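Colleague: Here's a structure for you.
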Amino acid sequence: MSTPDDDRISYLAGEPVDALTPQERAELDELRTLLESPATWEEPDAGLEDLVVGAIAAEAQRAAADPAPPKPKKAPIWTRWRPRRPALAFGGLATAAAAIAVALVIAIGSGGGTQPLQFAMVVSGTSLAPDAHGSATLTKTESGWRIELKATGLPHLANGRYYQAWLKNPAGILVPVGTFNDAENVTLWSGAPVTQFRAFSVTEQLANGNPVSSGRRVLVGVAHPVNR
């Protein structure tokens with residue numbers, strides 16, 4: 001069974017979703033228009049992603065601590081969540097824009113009360129897959145960390161070839177978190193804490209009996225806290 005967050009993310013990805021209200025569809029259409037603008041995906045300044053995700057995390061914490069009173073009308077999502085610094089709102093959001101979209105979807109569905117510990121990240125293609133990009137949410141559960149990855153620009157692998165996802169800590173220790181053939185909609189799991197293993201990567205692998213990383217990384221990203 002899909003969650004409201006899954007429905008919103010699927011709608012943004014262009015999939016048919018019946019569970020959303022007309023107002024939710026209108027707000028998400030505005031967000032999609034912003035993300036589809038060519039200016040949104042211009043290469044950002046170094047460090048912009050950290051600044052934007054940090055602003056989102058701070059806003060999410062404030063929203064959880066102070067549930068908003070009922071309001072007759074809501075402003076569009078991207079307006080309510082526009083970062084306070086104008087330069088972060090519309091200037092060069094290449095990788096940061098996807099992080100904003102993920103955090104917005106999380107925030108839309110979150111109300112008062114305690115939320116599970118959650119991280120979000122943007123994933124970008126390497127020189128082996130320069131057109132690849134996407135995003136992921138990483139949520140702490142009783143079973144471990146659930147990683148919801150959505151990425152495009154990677155070919156479907158088959159016939160003994162597959163993708164392997166990894167998390168890495170600052171000491172360079174790699175932890176495998178799952179294998180897959182297509183990155184458009186993947187659920188991965190990690191038994192290692194994302195709070196310590198925040199560097200994410202995806203490699204191309206061959207089913208040749210050797211389980212270690214091939215080193216052929218096609219996607220990379222770093223997880224940032226959304227709420228604590």
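By order of appearance in the structure tokens: chains A, B, ..., then residues from 1 within every chain, and ligands from 1 in the order shown.
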Skipping near chain neighbours, those fewer than 3 positions away, what residues fall within 8 Å of Val175 (chain A) using only C-alpha atoms, listed as a list in words?
Modeller: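 Answer for this query is Trp166, Leu167, Lys168, Ser190 and Ala192 of chain A.
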Colleague: Can you tell me, as a list in words, what residues are no more than 12 Å from region 215-217 of chain A when counting only C-alpha atoms, ignoring any on the same chain fewer than 6 positions away?
Modeller: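 My list of contacting residues is Val123, Ser124, Gly125, Thr126, Ser127, Leu128, Ala129, Pro130, Ala132, Leu154, Tyr162, Tyr163, Gln164, Ala165, Trp166, Leu174, Phe200, Ser201, Val202, Thr203, Glu204, Gln205 and Leu206 of chain A.
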Colleague: Report, in Å with one decimal, the straight-line distance from CA of Asp131 (chain A) to CA of Gly153 (chain A).
Modeller: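 Here the two named atoms are 5.2 Å from each other.
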Colleague: Excluding Asn208 (chain A) and its own-chain neighbours fewer than 3 positions away, which residues fall within 12 Å of it when counting only C-alpha atoms? Please give them as a PyMOL selection string.
Modeller: chain A and resi 159-162+205+211-214
